[in-house]
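Novice: Got a structure for you, start.pdb, holding PDB, C-alpha atoms.
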ATOM      1  CA  MET A   1      31.285  -7.624 -15.950
ATOM      2  CA  ASP A   2      33.915  -6.468 -18.431
ATOM      3  CA  VAL A   3      33.692  -3.585 -20.868
ATOM      4  CA  GLU A   4      32.946  -5.832 -23.869
ATOM      5  CA  ASN A   5      29.855  -7.272 -22.175
ATOM      6  CA  MET A   6      28.768  -3.756 -21.202
ATOM      7  CA  LYS A   7      28.517  -2.926 -24.912
ATOM      8  CA  ARG A   8      26.105  -5.750 -25.730
ATOM      9  CA  GLY A   9      23.448  -3.238 -26.724
ATOM     10  CA  SER A  10      25.354  -1.979 -29.760
ATOM     11  CA  ASP A  11      25.899  -4.562 -32.525
ATOM     12  CA  ALA A  12      24.830  -7.805 -30.879
ATOM     13  CA  SER A  13      21.206  -6.723 -30.353
ATOM     14  CA  ALA A  14      20.580  -6.465 -34.124
ATOM     15  CA  ALA A  15      21.076 -10.219 -34.611
ATOM     16  CA  ARG A  16      19.177 -11.298 -31.512
ATOM     17  CA  PRO A  17      15.595 -12.576 -31.815
ATOM     18  CA  ARG A  18      12.836 -10.399 -30.397
ATOM     19  CA  LEU A  19      12.143 -11.822 -26.936
ATOM     20  CA  GLU A  20       9.447  -9.802 -25.183
ATOM     21  CA  LEU A  21       8.746  -9.368 -21.506
ATOM     22  CA  LEU A  22       5.337  -7.827 -20.856
ATOM     23  CA  TYR A  23       5.180  -5.866 -17.605
ATOM     24  CA  VAL A  24       1.810  -4.926 -16.110
ATOM     25  CA  ARG A  25       1.309  -3.153 -12.800
ATOM     26  CA  ALA A  26      -1.631  -1.974 -10.714
ATOM     27  CA  SER A  27      -1.427   0.265  -7.694
ATOM     28  CA  GLY A  28      -2.069  -2.527  -5.236
ATOM     29  CA  SER A  29      -5.608  -1.585  -4.329
ATOM     30  CA  PRO A  30      -8.089  -4.468  -4.158
ATOM     31  CA  GLY A  31     -10.099  -4.977  -7.334
ATOM     32  CA  GLN A  32      -7.315  -4.028  -9.742
ATOM     33  CA  GLU A  33      -7.180  -7.448 -11.410
ATOM     34  CA  CYS A  34      -9.242  -6.093 -14.315
ATOM     35  CA  SER A  35      -6.607  -3.418 -14.912
ATOM     36  CA  LEU A  36      -3.833  -6.018 -14.971
ATOM     37  CA  ALA A  37      -5.807  -8.223 -17.364
ATOM     38  CA  ALA A  38      -6.621  -5.286 -19.659
ATOM     39  CA  GLN A  39      -2.972  -4.182 -19.798
ATOM     40  CA  GLU A  40      -1.845  -7.731 -20.550
ATOM     41  CA  ALA A  41      -4.450  -8.214 -23.281
ATOM     42  CA  GLU A  42      -3.467  -4.961 -24.982
ATOM     43  CA  LEU A  43       0.242  -5.823 -24.885
ATOM     44  CA  ARG A  44      -0.392  -9.360 -26.184
ATOM     45  CA  ALA A  45      -2.541  -8.044 -29.033
ATOM     46  CA  THR A  46       0.256  -5.750 -30.228
ATOM     47  CA  SER A  47       3.142  -8.167 -29.716
ATOM     48  CA  THR A  48       5.478  -8.692 -32.681
ATOM     49  CA  GLY A  49       7.900 -11.164 -31.113
ATOM     50  CA  GLU A  50       8.009 -14.149 -28.821
ATOM     51  CA  ILE A  51       6.471 -13.395 -25.428
ATOM     52  CA  VAL A  52       8.907 -14.927 -22.971
ATOM     53  CA  LYS A  53       7.154 -13.838 -19.779
ATOM     54  CA  VAL A  54       4.340 -11.688 -18.436
ATOM     55  CA  VAL A  55       5.249 -10.078 -15.134
ATOM     56  CA  ARG A  56       2.280  -8.923 -13.047
ATOM     57  CA  ASP A  57       3.022  -6.531 -10.222
ATOM     58  CA  ARG A  58       0.978  -4.859  -7.515
ATOM     59  CA  GLY A  59       2.231  -1.814  -5.695
ATOM     60  CA  SER A  60       2.965   1.858  -6.040
ATOM     61  CA  GLY A  61       5.105   2.948  -8.963
ATOM     62  CA  LEU A  62       7.111   4.931  -6.416
ATOM     63  CA  LYS A  63       8.241   1.783  -4.606
ATOM     64  CA  GLU A  64      11.655   0.707  -5.800
ATOM     65  CA  ASN A  65      11.557  -2.788  -4.325
ATOM     66  CA  ARG A  66       8.574  -4.337  -6.112
ATOM     67  CA  PRO A  67       8.811  -8.124  -6.649
ATOM     68  CA  GLY A  68       7.771  -7.842 -10.290
ATOM     69  CA  LEU A  69      10.232  -5.064 -11.052
ATOM     70  CA  ASN A  70      12.967  -7.165  -9.441
ATOM     71  CA  ARG A  71      12.039 -10.065 -11.774
ATOM     72  CA  VAL A  72      12.215  -7.696 -14.756
ATOM     73  CA  LEU A  73      15.672  -6.500 -13.709
ATOM     74  CA  ALA A  74      16.872 -10.100 -13.278
ATOM     75  CA  MET A  75      15.609 -11.151 -16.709
ATOM     76  CA  VAL A  76      17.127  -8.090 -18.365
ATOM     77  CA  SER A  77      20.490  -8.713 -16.730
ATOM     78  CA  ASP A  78      20.608 -12.440 -17.560
ATOM     79  CA  GLY A  79      19.803 -11.882 -21.255
ATOM     80  CA  SER A  80      16.413 -13.646 -21.198
ATOM     81  CA  VAL A  81      14.682 -10.787 -23.030
ATOM     82  CA  THR A  82      15.444  -8.167 -25.652
ATOM     83  CA  VAL A  83      12.366  -5.960 -25.181
ATOM     84  CA  VAL A  84      10.401  -4.863 -22.112
ATOM     85  CA  ARG A  85       6.915  -3.678 -23.080
ATOM     86  CA  VAL A  86       4.448  -1.629 -21.013
ATOM     87  CA  THR A  87       1.179   0.102 -21.847
ATOM     88  CA  HIS A  88       2.202   3.382 -20.205
ATOM     89  CA  GLU A  89       5.604   4.525 -18.985
ATOM     90  CA  ASP A  90       4.342   5.047 -15.423
ATOM     91  CA  ARG A  91       3.474   1.348 -15.180
ATOM     92  CA  LEU A  92       7.215   0.641 -15.068
ATOM     93  CA  ALA A  93       7.933   3.393 -12.530
ATOM     94  CA  ARG A  94       6.577   6.796 -11.564
ATOM     95  CA  PHE A  95      10.059   8.298 -11.561
ATOM     96  CA  GLY A  96      13.412   7.177 -12.871
ATOM     97  CA  VAL A  97      12.234   5.460 -16.045
ATOM     98  CA  GLY A  98      15.073   7.187 -17.881
ATOM     99  CA  TRP A  99      17.575   5.477 -15.582
ATOM    100  CA  LEU A 100      15.931   2.101 -16.145
ATOM    101  CA  LYS A 101      16.037   2.604 -19.925
ATOM    102  CA  ARG A 102      19.739   3.471 -19.758
ATOM    103  CA  LEU A 103      20.446   0.390 -17.638
ATOM    104  CA  PHE A 104      18.462  -1.858 -19.970
ATOM    105  CA  THR A 105      20.372  -0.456 -22.975
ATOM    106  CA  VAL A 106      23.622  -1.656 -21.393
ATOM    107  CA  TYR A 107      22.200  -5.192 -21.650
ATOM    108  CA  GLY A 108      20.887  -4.685 -25.189
ATOM    109  CA  VAL A 109      17.273  -4.404 -24.051
ATOM    110  CA  THR A 110      14.841  -1.728 -25.187
ATOM    111  CA  VAL A 111      11.720  -0.438 -23.450
ATOM    112  CA  GLU A 112       8.636  -0.031 -25.592
ATOM    113  CA  VAL A 113       5.735   2.066 -24.359
ATOM    114  CA  LEU A 114       2.471   1.346 -26.146
ATOM    115  CA  HIS A 115       0.940   4.724 -25.269
ATOM    116  CA  PRO A 116       3.724   7.307 -24.841
ATOM    117  CA  ARG A 117       2.851  10.503 -23.011
ATOM    118  CA  LYS A 118       2.505  13.609 -25.129
ATOM    119  CA  VAL A 119       2.472  16.412 -22.606
ATOM    120  CA  SER A 120       4.390  19.624 -22.183
ATOM    121  CA  GLY A 121       7.118  19.954 -19.584
ATOM    122  CA  ARG A 122       4.828  22.012 -17.355
ATOM    123  CA  ASP A 123       1.986  19.473 -17.570
ATOM    124  CA  GLU A 124       4.398  16.611 -16.870
ATOM    125  CA  LEU A 125       5.714  18.405 -13.779
ATOM    126  CA  LEU A 126       2.161  19.018 -12.566
ATOM    127  CA  GLU A 127       1.246  15.348 -13.109
ATOM    128  CA  ASP A 128       4.353  14.266 -11.180
ATOM    129  CA  PHE A 129       3.469  16.590  -8.307
ATOM    130  CA  VAL A 130      -0.134  15.346  -8.130
ATOM    131  CA  SER A 131       1.118  11.757  -8.275
ATOM    132  CA  LEU A 132       3.475  12.366  -5.355
ATOM    133  CA  VAL A 133       0.836  14.053  -3.223
ATOM    134  CA  THR A 134      -1.704  11.310  -3.978
ATOM    135  CA  THR A 135       0.735   8.532  -3.166
ATOM    136  CA  PHE A 136       1.926  10.040   0.094
ATOM    137  CA  ALA A 137      -1.611  10.920   1.171
ATOM    138  CA  GLY A 138      -2.650   7.311   0.575
ATOM    139  CA  ARG A 139       0.279   6.023   2.604
ATOM    140  CA  LEU A 140      -0.484   8.458   5.428
ATOM    141  CA  TYR A 141      -4.152   7.406   5.552
ATOM    142  CA  GLY A 142      -3.077   3.762   5.467
ATOM    143  CA  MET A 143      -0.778   4.339   8.460
ATOM    144  CA  ARG A 144      -3.567   6.085  10.349
ATOM    145  CA  SER A 145      -5.946   3.243   9.540
ATOM    146  CA  ALA A 146      -3.497   0.645  10.880
ATOM    147  CA  GLN A 147      -2.970   2.684  14.051
ATOM    148  CA  ASN A 148      -6.731   2.975  14.547
ATOM    149  CA  ARG A 149      -7.223  -0.782  14.098
ATOM    150  CA  ARG A 150      -4.535  -1.490  16.714
ATOM    151  CA  ARG A 151      -6.130   1.033  19.107
ATOM    152  CA  LEU A 152      -9.600  -0.457  18.634
ATOM    153  CA  LEU A 153      -8.294  -4.003  19.192
ATOM    154  CA  ALA A 154      -6.592  -2.893  22.399
ATOM    155  CA  GLU A 155      -9.697  -1.029  23.604
ATOM    156  CA  SER A 156     -11.949  -4.006  22.874
ATOM    157  CA  GLY A 157      -9.729  -6.284  24.949
ATOM    158  CA  GLN A 158      -8.851  -8.511  21.986
ATOM    159  CA  CYS A 159      -5.223  -7.555  22.488
ATOM    160  CA  SER A 160      -3.685  -6.602  25.815
ATOM    161  CA  ASP A 161      -0.811  -4.487  24.525
ATOM    162  CA  GLN A 162      -1.694  -1.787  21.962
ATOM    163  CA  ASP A 163       1.867  -1.712  20.591
ATOM    164  CA  ARG A 164       1.865  -5.462  19.935
ATOM    165  CA  CYS A 165      -1.595  -5.643  18.317
ATOM    166  CA  SER A 166      -1.444  -6.076  14.589
ATOM    167  CA  ASP A 167      -3.834  -6.860  11.768
ATOM    168  CA  GLN A 168      -2.061 -10.162  11.205
ATOM    169  CA  ASP A 169      -2.720 -11.336  14.795
ATOM    170  CA  HIS A 170      -6.464 -10.694  14.727
ATOM    171  CA  VAL A 171      -8.850 -11.125  11.861
ATOM    172  CA  ALA A 172     -12.222  -9.444  12.249
TER     173      ALA A 172
END
Would it be possible to restate this file's structure as structure tokens?
Specialist:
Amino acid sequence: MDVENMKRGSDASAARPRLELLYVRASGSPGQECSLAAQEAELRATSTGEIVKVVRDRGSGLKENRPGLNRVLAMVSDGSVTVVRVTHEDRLARFGVGWLKRLFTVYGVTVEVLHPRKVSGRDELLEDFVSLVTTFAGRLYGMRSAQNRRRLLAESGQCSDQDRCSDQDHVA
């Protein structure tokens, strides 16, 4: 990409139509469909442009390789949208939203947050810390749970080799 195309966000974006991408994300836990639907409904109700796509994603906001986020990045980079809208900033990512905004600006795309956070620096740091601890604790418990399922399958004789037993091989 040459330097002229890198500057698309400056003058060219003023003449472009408002093409919105609505991004909704839930943590990935079962039963979160209501959260996705509620986020989408709220974003649709406040839309002021043409909604080009609604991207629904499931997974932790700490994961960098989410399928939905990858679709957002592709649509931003190919010029399909001019605005990415989310209900809360942490729906886009738990960390690094500033980097995403800067990248999107290169392509002439803005990020709109329906409910921006209004917290002090100290409160934001505390929220980030709690979010990290919660996420990693959940992942640790998930790993333990998978290990326990493999052990139980091996002990029950449903799988002869504990290392090769997996949840995908045996459905209870």
Novice: From the options A:Leu73, A:Leu114, A:Ala41, A:Val24, which residue's atoms come nearest to A:Val54, counting all atoms listed in the file?
Specialist: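 Comparing A:Leu73, A:Leu114, A:Ala41, A:Val24 against A:Val54, the winner is A:Val24.
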Novice: Atom CA of A:Gly98 to atom CA of A:Asp78: how many Å, to one decimal?
Specialist: 20.4 Å
Novice: Using only C-alpha atoms, determine which residues lie at most 10 Å from A:Arg91, disregarding the query and same-chain residues fewer than 3 positions distant; provide the list as a PyMOL selection string.
Specialist: chain A and resi 23-27+39+57+60-61+85-88+94+97+113
Novice: Hey, can you check how far atom CA of A:Thr105 sits from atom CA of A:Glu124?
Specialist: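 Separation of atom CA of A:Thr105 and atom CA of A:Glu124: 24.2 Å.
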Novice: Under the rule that all atoms listed in the file are counted, which of A:Val109, A:Leu62, A:Cys34, A:Ala154 is the nearest residue to A:Val81?
Specialist: A:Val109
Novice: Go through A:Glu155, A:Glu40, A:Glu89, A:Glu127 and flag the residue nearest A:Leu22, using only C-alpha atoms for the distances.
Specialist: A:Glu40
Novice: For a test of reading the model, state the distance in Å between atom CA of A:Glu50 and atom CA of A:Leu21, rounded to one decimal.
Specialist: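 Distance reported for this atom pair: 8.8 Å.
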Novice: Ranking A:Arg66, A:Phe136, A:Glu20, A:Gly31 by minimum distance to A:Val111 and counting only C-alpha atoms, which one comes first?
Specialist: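 Smallest distance to A:Val111 is found for A:Glu20.
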Novice: I'd like to see the residues matched by the PyMOL selection byres ((chain A and resi 77) around 10) on this file, and ideally I'd get them as a PDB file with C-alpha atoms, in the frame of the given file.
Specialist:
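Result written to result36.pdb:
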ATOM      1  CA  ARG A  71      12.039 -10.065 -11.774  1.00  0.00           C
ATOM      2  CA  VAL A  72      12.215  -7.696 -14.756  1.00  0.00           C
ATOM      3  CA  LEU A  73      15.672  -6.500 -13.709  1.00  0.00           C
ATOM      4  CA  ALA A  74      16.872 -10.100 -13.278  1.00  0.00           C
ATOM      5  CA  MET A  75      15.609 -11.151 -16.709  1.00  0.00           C
ATOM      6  CA  VAL A  76      17.127  -8.090 -18.365  1.00  0.00           C
ATOM      7  CA  ASP A  78      20.608 -12.440 -17.560  1.00  0.00           C
ATOM      8  CA  GLY A  79      19.803 -11.882 -21.255  1.00  0.00           C
ATOM      9  CA  SER A  80      16.413 -13.646 -21.198  1.00  0.00           C
ATOM     10  CA  VAL A  81      14.682 -10.787 -23.030  1.00  0.00           C
ATOM     11  CA  LEU A 103      20.446   0.390 -17.638  1.00  0.00           C
ATOM     12  CA  PHE A 104      18.462  -1.858 -19.970  1.00  0.00           C
ATOM     13  CA  VAL A 106      23.622  -1.656 -21.393  1.00  0.00           C
ATOM     14  CA  TYR A 107      22.200  -5.192 -21.650  1.00  0.00           C
ATOM     15  CA  GLY A 108      20.887  -4.685 -25.189  1.00  0.00           C
ATOM     16  CA  VAL A 109      17.273  -4.404 -24.051  1.00  0.00           C
TER      17      VAL A 109
END
Novice: Take every atom of stretch 60-63 of chain A listed in the file, pad by 8 Å on each side, and give me the axis-aligned box centre and edge lengths in Å, one decimal, as lines of an AutoDock Vina configuration file.
Specialist:
center_x = 5.6
center_y = 3.4
center_z = -6.8
size_x = 21.3
size_y = 19.1
size_z = 20.4
Novice: Please determine, counting all atoms listed in the file, which residue among A:Thr82, A:Thr48, A:Asn70, A:Asn148 has the shortest atom-to-atom distance to A:Pro17.
Specialist: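 Checking each of A:Thr82, A:Thr48, A:Asn70, A:Asn148 against A:Pro17, counting all atoms listed in the file, the winner is A:Thr82.
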Novice: May I ask which of the residues A:Arg139, A:Leu100, A:Val130, A:Thr46 is the closest one to A:Gly28, counting only C-alpha atoms?
Specialist: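 Ranking A:Arg139, A:Leu100, A:Val130, A:Thr46 by distance to A:Gly28, first place goes to A:Arg139.
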